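One file, input_28.txt, carrying compact mmCIF, C-alpha atoms:
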# COMPACT_ATOMS: atom_id res chain seq x y z
CA MET A 143 -5.81 132.94 202.57
CA GLU A 144 -8.40 135.24 201.08
CA VAL A 145 -11.80 133.63 200.66
CA GLU A 146 -14.03 134.49 197.71
CA ARG A 147 -17.40 135.42 199.17
CA ILE A 148 -20.57 134.44 197.34
CA GLN A 149 -22.06 137.89 197.90
CA THR A 150 -19.03 139.58 196.29
CA LEU A 151 -19.17 137.19 193.34
CA ALA A 152 -22.93 137.63 192.87
CA PHE A 153 -22.77 141.43 192.81
CA SER A 154 -19.61 141.71 190.69
CA ASN A 155 -21.75 142.71 187.63
CA GLN A 156 -19.68 140.44 185.39
CA LEU A 157 -21.26 137.16 186.42
CA LYS A 158 -23.53 135.95 183.60
CA GLU A 159 -23.22 132.23 184.28
CA LEU A 160 -22.20 130.07 187.18
CA PRO A 161 -18.56 129.12 187.69
CA PRO A 162 -18.16 125.32 187.50
CA GLN A 163 -17.63 124.79 191.23
CA PHE A 164 -21.26 125.82 191.90
CA ILE A 165 -22.89 123.60 189.26
CA ARG A 166 -24.39 120.56 190.97
CA PRO A 167 -24.22 117.04 189.51
CA VAL A 168 -27.09 116.38 187.08
CA ASN A 169 -29.09 114.32 189.61
CA GLU A 170 -28.95 117.13 192.22
CA ARG A 171 -29.88 120.11 190.07
CA PRO A 172 -33.21 121.77 190.92
CA GLU A 173 -34.17 121.69 187.22
CA ASN A 174 -34.04 117.86 187.37
CA THR A 175 -35.44 117.34 190.89
CA LYS A 176 -38.50 119.55 191.03
CA ALA A 177 -40.69 119.62 194.13
CA VAL A 178 -44.16 118.07 193.95
CA GLU A 179 -47.13 120.43 193.70
CA GLY A 180 -50.12 120.57 195.99
CA VAL A 181 -48.58 119.07 199.14
CA THR A 182 -48.86 121.22 202.26
CA VAL A 183 -46.63 120.78 205.28
CA PRO A 184 -48.16 120.64 208.79
CA VAL A 185 -49.06 124.03 210.31
CA ILE A 186 -49.59 123.91 214.08
CA SER A 187 -50.99 126.69 216.25
CA LEU A 188 -49.80 126.89 219.84
CA SER A 189 -53.16 128.49 220.65
CA GLN A 190 -54.88 125.12 220.09
CA PRO A 191 -57.23 125.06 223.13
CA HIS A 192 -57.13 121.29 223.63
CA HIS A 193 -53.73 120.35 225.01
CA HIS A 194 -53.99 116.64 224.15
CA LEU A 195 -54.75 117.54 220.52
CA LEU A 196 -51.78 119.90 220.41
CA VAL A 197 -49.49 117.15 221.75
CA ARG A 198 -50.85 114.74 219.14
CA GLU A 199 -50.41 117.22 216.27
CA VAL A 200 -46.81 117.94 217.25
CA ALA A 201 -45.95 114.25 217.73
CA GLU A 202 -47.54 113.25 214.41
CA ALA A 203 -45.71 116.01 212.51
CA ALA A 204 -42.40 115.08 214.17
CA SER A 205 -42.95 111.37 213.40
CA GLN A 206 -44.28 111.64 209.85
CA TRP A 207 -42.52 114.75 208.55
CA GLY A 208 -39.76 115.72 210.98
CA PHE A 209 -40.96 119.23 210.34
CA PHE A 210 -43.81 121.67 210.97
CA LEU A 211 -44.66 125.37 210.87
CA LEU A 212 -45.52 126.92 214.22
CA THR A 213 -47.98 129.81 214.56
CA SER A 214 -49.47 131.67 217.56
CA HIS A 215 -46.12 131.23 219.31
CA GLY A 216 -46.23 134.56 221.14
CA ILE A 217 -43.25 136.18 219.41
CA SER A 218 -43.98 139.70 218.28
CA PRO A 219 -43.93 140.47 214.52
CA TRP A 220 -41.95 143.60 215.48
CA LEU A 221 -39.14 141.44 216.88
CA PHE A 222 -38.99 139.36 213.69
CA LYS A 223 -38.81 142.60 211.70
CA ARG A 224 -35.96 143.96 213.83
CA LEU A 225 -34.08 140.64 213.72
CA GLN A 226 -34.23 140.66 209.94
CA GLU A 227 -33.27 144.32 209.69
CA VAL A 228 -30.09 143.96 211.76
CA GLY A 229 -29.10 140.82 209.83
CA GLU A 230 -29.62 142.55 206.49
CA GLU A 231 -27.69 145.59 207.72
CA PHE A 232 -24.70 143.43 208.64
CA PHE A 233 -24.54 141.85 205.17
CA ALA A 234 -24.85 145.33 203.60
CA LEU A 235 -21.65 146.51 205.37
CA PRO A 236 -18.45 147.12 203.37
CA GLN A 237 -16.64 143.86 202.71
CA LYS A 238 -13.58 144.88 204.74
CA GLU A 239 -15.75 145.43 207.82
CA LYS A 240 -17.38 142.00 207.49
CA GLU A 241 -14.00 140.31 206.97
CA ALA A 242 -12.95 141.52 210.43
CA TYR A 243 -15.34 138.80 211.72
CA ALA A 244 -14.13 136.03 209.38
CA ASN A 245 -14.07 132.59 210.96
CA ASP A 246 -11.53 129.84 210.35
CA THR A 247 -13.27 126.47 210.30
CA SER A 248 -10.00 124.67 209.46
CA ASN A 249 -8.86 125.54 212.99
CA GLY A 250 -12.22 124.68 214.58
CA ASN A 251 -13.18 128.36 214.83
CA PHE A 252 -16.78 128.29 213.58
CA GLU A 253 -18.08 131.53 215.09
CA GLY A 254 -18.14 134.54 212.80
CA TYR A 255 -18.53 135.38 209.11
CA GLY A 256 -18.08 132.51 206.71
CA THR A 257 -18.53 130.85 203.36
CA LYS A 258 -18.62 127.07 203.16
CA MET A 259 -15.57 125.83 201.29
CA THR A 260 -15.08 122.52 199.51
CA LYS A 261 -12.99 119.83 201.18
CA ASN A 262 -11.87 118.29 197.88
CA LEU A 263 -12.08 118.87 194.15
CA GLU A 264 -15.21 116.76 193.69
CA GLU A 265 -17.32 118.64 196.26
CA LYS A 266 -19.45 121.50 195.03
CA VAL A 267 -19.70 124.90 196.71
CA GLU A 268 -23.04 126.06 198.10
CA TRP A 269 -24.41 129.48 197.07
CA VAL A 270 -24.46 131.01 200.57
CA ASP A 271 -22.53 133.25 202.95
CA TYR A 272 -23.37 133.13 206.65
CA PHE A 273 -22.80 134.58 210.10
CA PHE A 274 -22.69 132.12 213.02
CA HIS A 275 -22.43 132.60 216.77
CA ILE A 276 -23.54 131.11 220.10
CA MET A 277 -26.52 132.82 221.83
CA ALA A 278 -26.94 130.73 224.99
CA PRO A 279 -26.12 129.86 227.72
CA SER A 280 -24.46 133.11 228.79
CA SER A 281 -21.35 131.20 229.96
CA ARG A 282 -20.70 130.18 226.32
CA VAL A 283 -21.39 133.55 224.71
CA ASN A 284 -18.46 135.55 223.36
CA CYS A 285 -19.85 138.94 222.40
CA ASP A 286 -16.56 139.84 220.68
CA LYS A 287 -17.73 137.46 217.95
CA TRP A 288 -21.02 139.33 217.52
CA PRO A 289 -21.25 142.18 214.98
CA LYS A 290 -20.65 145.65 216.43
CA ASN A 291 -22.51 147.08 213.45
CA PRO A 292 -25.38 147.65 213.31
CA PRO A 293 -25.21 148.99 216.90
CA SER A 294 -28.60 147.46 217.81
CA TYR A 295 -27.54 143.92 216.75
CA ARG A 296 -26.76 142.78 220.29
CA GLU A 297 -29.90 144.19 221.90
CA VAL A 298 -32.20 142.68 219.25
CA THR A 299 -30.46 139.29 219.28
CA GLU A 300 -30.50 139.04 223.09
CA GLU A 301 -34.25 139.73 223.05
CA TYR A 302 -34.74 137.09 220.36
CA ASN A 303 -32.63 134.64 222.39
CA LYS A 304 -35.06 134.98 225.34
CA GLU A 305 -37.97 134.11 223.07
CA MET A 306 -36.09 131.17 221.54
CA LEU A 307 -35.30 129.76 225.01
CA ARG A 308 -38.96 130.02 225.98
CA LEU A 309 -40.12 128.41 222.75
CA THR A 310 -37.50 125.66 222.96
CA ASN A 311 -38.82 124.70 226.41
CA GLU A 312 -42.39 124.64 225.15
CA VAL A 313 -41.66 122.54 222.05
CA LEU A 314 -39.47 120.05 223.95
CA GLU A 315 -42.24 119.61 226.56
CA LEU A 316 -44.80 118.87 223.84
CA LEU A 317 -42.44 116.43 222.14
CA SER A 318 -41.74 114.69 225.47
CA GLU A 319 -45.48 114.29 226.09
CA GLY A 320 -45.81 112.95 222.54
CA LEU A 321 -43.48 110.11 223.60
CA GLU A 322 -45.66 109.56 226.72
CA LEU A 323 -42.82 110.74 228.93
CA GLU A 324 -42.58 113.41 231.63
CA LYS A 325 -42.61 116.96 230.23
CA LYS A 326 -39.00 117.70 231.22
CA THR A 327 -37.50 114.46 229.89
CA LEU A 328 -36.12 115.68 226.56
CA LYS A 329 -34.80 118.95 227.97
CA SER A 330 -32.98 117.20 230.82
CA SER A 331 -31.59 114.57 228.39
CA LEU A 332 -30.15 117.39 226.25
CA GLY A 333 -28.35 119.15 229.08
CA ASP A 334 -31.16 121.10 230.78
CA GLU A 335 -30.05 124.68 231.49
CA LYS A 336 -26.75 124.03 229.68
CA ILE A 337 -28.52 123.50 226.35
CA GLU A 338 -26.87 125.71 223.74
CA LEU A 339 -28.58 127.93 221.18
CA GLU A 340 -26.57 128.73 218.05
CA MET A 341 -27.61 131.46 215.62
CA LYS A 342 -26.80 131.11 211.93
CA ILE A 343 -27.84 133.86 209.53
CA ASN A 344 -27.82 132.51 205.98
CA MET A 345 -27.54 134.95 203.06
CA TYR A 346 -28.28 133.59 199.57
CA PRO A 347 -27.56 136.30 196.96
CA PRO A 348 -29.34 136.35 193.59
CA CYS A 349 -27.91 133.56 191.42
CA PRO A 350 -27.57 133.77 187.60
CA GLN A 351 -28.52 130.10 187.07
CA PRO A 352 -30.55 128.94 190.09
CA GLU A 353 -31.68 125.82 188.23
CA LEU A 354 -28.10 124.49 188.43
CA ALA A 355 -27.09 125.45 191.99
CA LEU A 356 -28.12 124.91 195.62
CA GLY A 357 -27.98 127.32 198.54
CA VAL A 358 -27.61 124.41 200.94
CA GLU A 359 -27.23 120.82 199.79
CA PRO A 360 -29.52 118.06 201.14
CA HIS A 361 -28.73 117.28 204.79
CA THR A 362 -30.21 116.68 208.21
CA ASP A 363 -29.27 118.93 211.14
CA MET A 364 -27.08 117.49 213.89
CA SER A 365 -29.02 119.61 216.39
CA ALA A 366 -31.95 118.43 218.51
CA LEU A 367 -34.19 121.14 217.05
CA THR A 368 -33.77 123.93 214.54
CA LEU A 369 -36.08 126.95 214.81
CA LEU A 370 -35.94 129.00 211.62
CA VAL A 371 -37.49 132.13 210.16
CA SER A 372 -36.85 133.56 206.69
CA ASN A 373 -37.51 136.61 204.62
CA GLU A 374 -40.40 136.42 202.14
CA VAL A 375 -38.31 134.70 199.43
CA SER A 376 -39.14 130.98 199.47
CA GLY A 377 -36.52 128.29 198.89
CA LEU A 378 -36.75 125.65 201.60
CA GLN A 379 -37.64 122.12 200.44
CA ILE A 380 -38.01 119.00 202.58
CA TRP A 381 -37.82 115.31 201.59
CA LYS A 382 -41.04 113.37 202.14
CA ASP A 383 -42.15 110.06 200.62
CA ASN A 384 -39.19 110.01 198.20
CA LYS A 385 -39.82 113.44 196.75
CA TRP A 386 -39.08 117.09 197.46
CA VAL A 387 -41.86 119.20 198.95
CA ALA A 388 -41.62 123.00 198.76
CA VAL A 389 -42.29 124.90 201.99
CA ASP A 390 -44.14 128.11 201.22
CA TYR A 391 -43.36 131.27 203.12
CA LEU A 392 -45.85 131.94 205.93
CA GLN A 393 -45.54 135.33 207.56
CA ASN A 394 -44.41 135.25 211.22
CA ALA A 395 -44.41 131.45 211.31
CA ILE A 396 -41.44 129.53 212.72
CA PHE A 397 -40.15 126.54 210.76
CA VAL A 398 -39.41 123.74 213.24
CA HIS A 399 -36.94 121.07 212.06
CA ILE A 400 -36.48 117.88 214.06
CA GLY A 401 -32.73 117.18 214.19
CA ASP A 402 -30.55 114.12 214.63
CA GLN A 403 -30.38 114.26 218.46
CA LEU A 404 -34.17 113.99 218.85
CA GLU A 405 -34.29 111.15 216.35
CA ILE A 406 -31.72 109.31 218.49
CA LEU A 407 -33.38 110.08 221.84
CA SER A 408 -36.79 108.97 220.51
CA ASN A 409 -35.18 105.82 219.03
CA GLY A 410 -36.40 106.78 215.59
CA LYS A 411 -40.00 107.69 216.42
CA TYR A 412 -39.24 111.32 215.57
CA LYS A 413 -37.57 111.80 212.19
CA SER A 414 -34.63 114.09 211.50
CA VAL A 415 -35.83 115.95 208.41
CA LEU A 416 -33.76 115.92 205.22
CA TYR A 417 -33.90 119.33 203.55
CA ARG A 418 -32.22 121.63 201.05
CA SER A 419 -32.33 125.32 200.11
CA LEU A 420 -32.83 126.64 196.60
CA VAL A 421 -31.70 130.04 195.35
CA ASN A 422 -33.38 132.73 193.28
CA LYS A 423 -32.38 134.57 190.11
CA GLU A 424 -33.93 137.92 191.04
CA PHE A 425 -34.01 138.11 194.82
CA MET A 426 -31.78 137.63 197.83
CA ARG A 427 -33.06 135.00 200.24
CA MET A 428 -32.13 135.13 203.93
CA SER A 429 -32.91 132.84 206.83
CA TRP A 430 -32.23 132.95 210.57
CA ALA A 431 -31.70 129.45 211.99
CA VAL A 432 -31.40 128.78 215.72
CA PHE A 433 -29.87 125.37 216.42
CA VAL A 434 -30.79 123.81 219.77
CA VAL A 435 -27.87 121.54 220.72
CA PRO A 436 -26.61 119.71 223.80
CA PRO A 437 -23.24 120.66 225.33
CA HIS A 438 -20.36 118.64 223.84
CA GLU A 439 -19.95 116.39 226.90
CA VAL A 440 -23.61 115.27 227.10
CA VAL A 441 -24.11 111.59 226.25
CA ILE A 442 -26.96 110.98 223.81
CA GLY A 443 -28.62 107.64 223.12
CA PRO A 444 -32.14 106.17 222.87
CA LEU A 445 -34.13 106.89 226.04
CA PRO A 446 -34.41 103.68 228.15
CA PRO A 447 -38.19 104.04 228.85
CA LEU A 448 -38.83 103.74 225.10
CA LEU A 449 -36.89 100.49 224.71
CA ASN A 450 -38.13 96.92 225.06
CA ASP A 451 -37.87 93.55 223.30
CA TYR A 452 -40.05 94.83 220.46
CA ASN A 453 -38.27 98.16 220.21
CA PRO A 454 -34.52 97.57 220.68
CA PRO A 455 -32.07 100.49 220.41
CA LYS A 456 -31.52 101.63 216.82
CA PHE A 457 -28.67 104.06 217.55
CA SER A 458 -25.33 103.94 219.33
CA ILE A 459 -24.64 105.95 222.48
CA LYS A 460 -22.00 108.69 222.28
CA THR A 461 -21.24 112.20 223.43
CA TYR A 462 -22.48 115.05 221.29
CA ALA A 463 -18.83 115.95 220.59
CA GLU A 464 -18.23 112.45 219.20
CA TYR A 465 -21.42 112.61 217.14
CA ARG A 466 -20.47 116.05 215.79
CA HIS A 467 -16.98 114.85 214.82
CA CYS A 468 -18.43 111.91 212.87
CA LYS A 469 -21.04 114.09 211.15
CA PHE A 470 -18.58 116.79 210.09
CA ASN A 471 -16.13 114.22 208.74
CA LYS A 472 -18.81 112.01 207.14
CA LEU A 473 -17.81 109.03 209.31
CA PRO A 474 -20.18 106.19 210.31
CA GLN A 475 -22.13 106.87 213.52
Could you quickly redo this structure as structure tokens?
Amino acid sequence: MEVERIQTLAFSNQLKELPPQFIRPVNERPENTKAVEGVTVPVISLSQPHHHLLVREVAEAASQWGFFLLTSHGISPWLFKRLQEVGEEFFALPQKEKEAYANDTSNGNFEGYGTKMTKNLEEKVEWVDYFFHIMAPSSRVNCDKWPKNPPSYREVTEEYNKEMLRLTNEVLELLSEGLELEKKTLKSSLGDEKIELEMKINMYPPCPQPELALGVEPHTDMSALTLLVSNEVSGLQIWKDNKWVAVDYLQNAIFVHIGDQLEILSNGKYKSVLYRSLVNKEFMRMSWAVFVVPPHEVVIGPLPPLLNDYNPPKFSIKTYAEYRHCKFNKLPQ
């Protein structure tokens, strides 16, 4: 079955208004759910000289927001530039070449080039195409799924993967300390060296009526962490205190999302952030999300040292595969 790609539709030159399947219900449209002005999200520098203050800043952001921007993280601006260049070059390829990497989510084949399809007539389609593949550990990587063009894609992405592994370790250690646990607790609870990193490049083409559509509908990530960078076109909004807050672009900063698995492990102390992505009438927005997830067989539940008579478990215990199945199929957890 041939899939209509959002990019093809957006650049068809005949599209003056949105087809009905992209128009959100009235209560979801950006024109009716505007973000509040003047609220700034937490920005945390890893160069903070006082370690205990850094731990506190990270723990407070994870508890109160489920989100923060990370600066002074040691990743070179040149690497961000190259990462974005190879991603943009892939999406600029002829359609036939991209389709050679098409995934088939109906058969559980998520790696490759995709467009999120509706499961039923009531569901709306998001204004986004994407490329998804596993980056780590090496035993789970299938380079046949990675783009061959541009030729430097693999080299750049492998270099970025090294930095993401380093940063994942650092952030998980800080979050563990924020729970007054040993530094390695969260990493070991998520599978230690078997933790998986998944890359998802999101491409949001210009949209003729951005006030009616969404690039990504409101959701929390099933990951433990999501580490994201974007091009300079803003669009990310997070839910805080019953309203949407716009996240401004900050050059070379990494957007850190707390995901469902850390909310469960922390027994609710850390919040899995609810967020959405808006689209733009004039400009293409792109983002590079790295999902930090446990292997499917790892059992996730509230960490026993955090539980007592006053803080009983708030979440059930299940494997990540079971959790993922429930989340995908919108079943109770």
Hey, what's within 6 Å of region 388-395 of chain A if we count only C-alpha atoms and toss same-chain stuff fewer than 3 positions away? As a PyMOL selection string, please?
-> chain A and resi 177+212-213+376+378-379
Long-range neighbours of region 268-276 of chain A as an MDAnalysis selection string, 6 Å cut-off, only C-alpha atoms, 5 positions minimum in chain = chainID A and resid 253:257 283 340:346 356:358
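Picture a line from CA of Glu335 (chain A) to CA of Leu404 (chain A); it runs 17.1 Å.
Closest approach to Val440 (chain A) among A:Lys290, A:Lys329, A:Lys469, A:Lys456 is made by A:Lys329 (distances from only C-alpha atoms).
As for CA of Ile442 (chain A) and CA of Leu316 (chain A), they are spaced 19.5 Å apart.
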_Residues proximal to (-31.4, 130.7, 227.6) were defined as those with any atom within 7 Å of that point in the file's coordinates, counting only C-alpha atoms. Which are they, as a ChimeraX atom specification?_
/A:278-279,303-304,307
Item checked: Near-Gly443 (chain A) list (6 Å; all atoms listed in the file; drop same-chain fewer than 2 positions) as a PyMOL selection string -> chain A and resi 406-407+459
Check your understanding: Near Lys223 (chain A), counting all atoms listed in the file, which residues have an atom at most 12 Å away, once you skip same-chain residues fewer than 3 positions from it, shown as a count of residues only?
Key -> 19
As JSON: centre and edge lengths in Å, one decimal, of the axis-aligned box holding region 280-285 of chain A with 5 Å per side:
{"center_x": -21.5, "center_y": 134.6, "center_z": 226.2, "size_x": 16.0, "size_y": 18.8, "size_z": 17.6}
Extract, using all atoms listed in the file, all DNA, RNA and protein residues at most 12 Å from Val415 (chain A), discarding same-chain residues fewer than 2 positions from it, and format them as a PyMOL selection string.
chain A and resi 203-210+360-368+378-383+386-387+397-405+410+412-413+417-418
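Shortest atom-to-atom contact with Pro348 (chain A) among A:Asn251, A:Ile165, A:Met306, A:Ala152: A:Ala152, counting only C-alpha atoms.
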What separates CA of Ser429 (chain A) and CA of Val267 (chain A) is a distance of 18.4 Å
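Across A:Met426, A:Leu323, A:Val197, A:Ala431, the tightest approach to Leu369 (chain A) is made by A:Ala431 when counting only C-alpha atoms.
Among A:Cys349, A:Met277, A:Leu448, A:Val441, the residue with the shortest atom-to-atom distance to Ser331 (chain A), counting only C-alpha atoms, is A:Val441.
With all atoms listed in the file as the atoms that count, the minimum distance from Val178 (chain A) to the choices A:Asn384, A:Asn409, A:Asn249, A:Gln237 is reached by A:Asn384.
In this comparison, which uses all atoms listed in the file, the residue of A:Thr327, A:Ala201, A:Ser414, A:Asn291 approaching Pro236 (chain A) most closely is A:Asn291.
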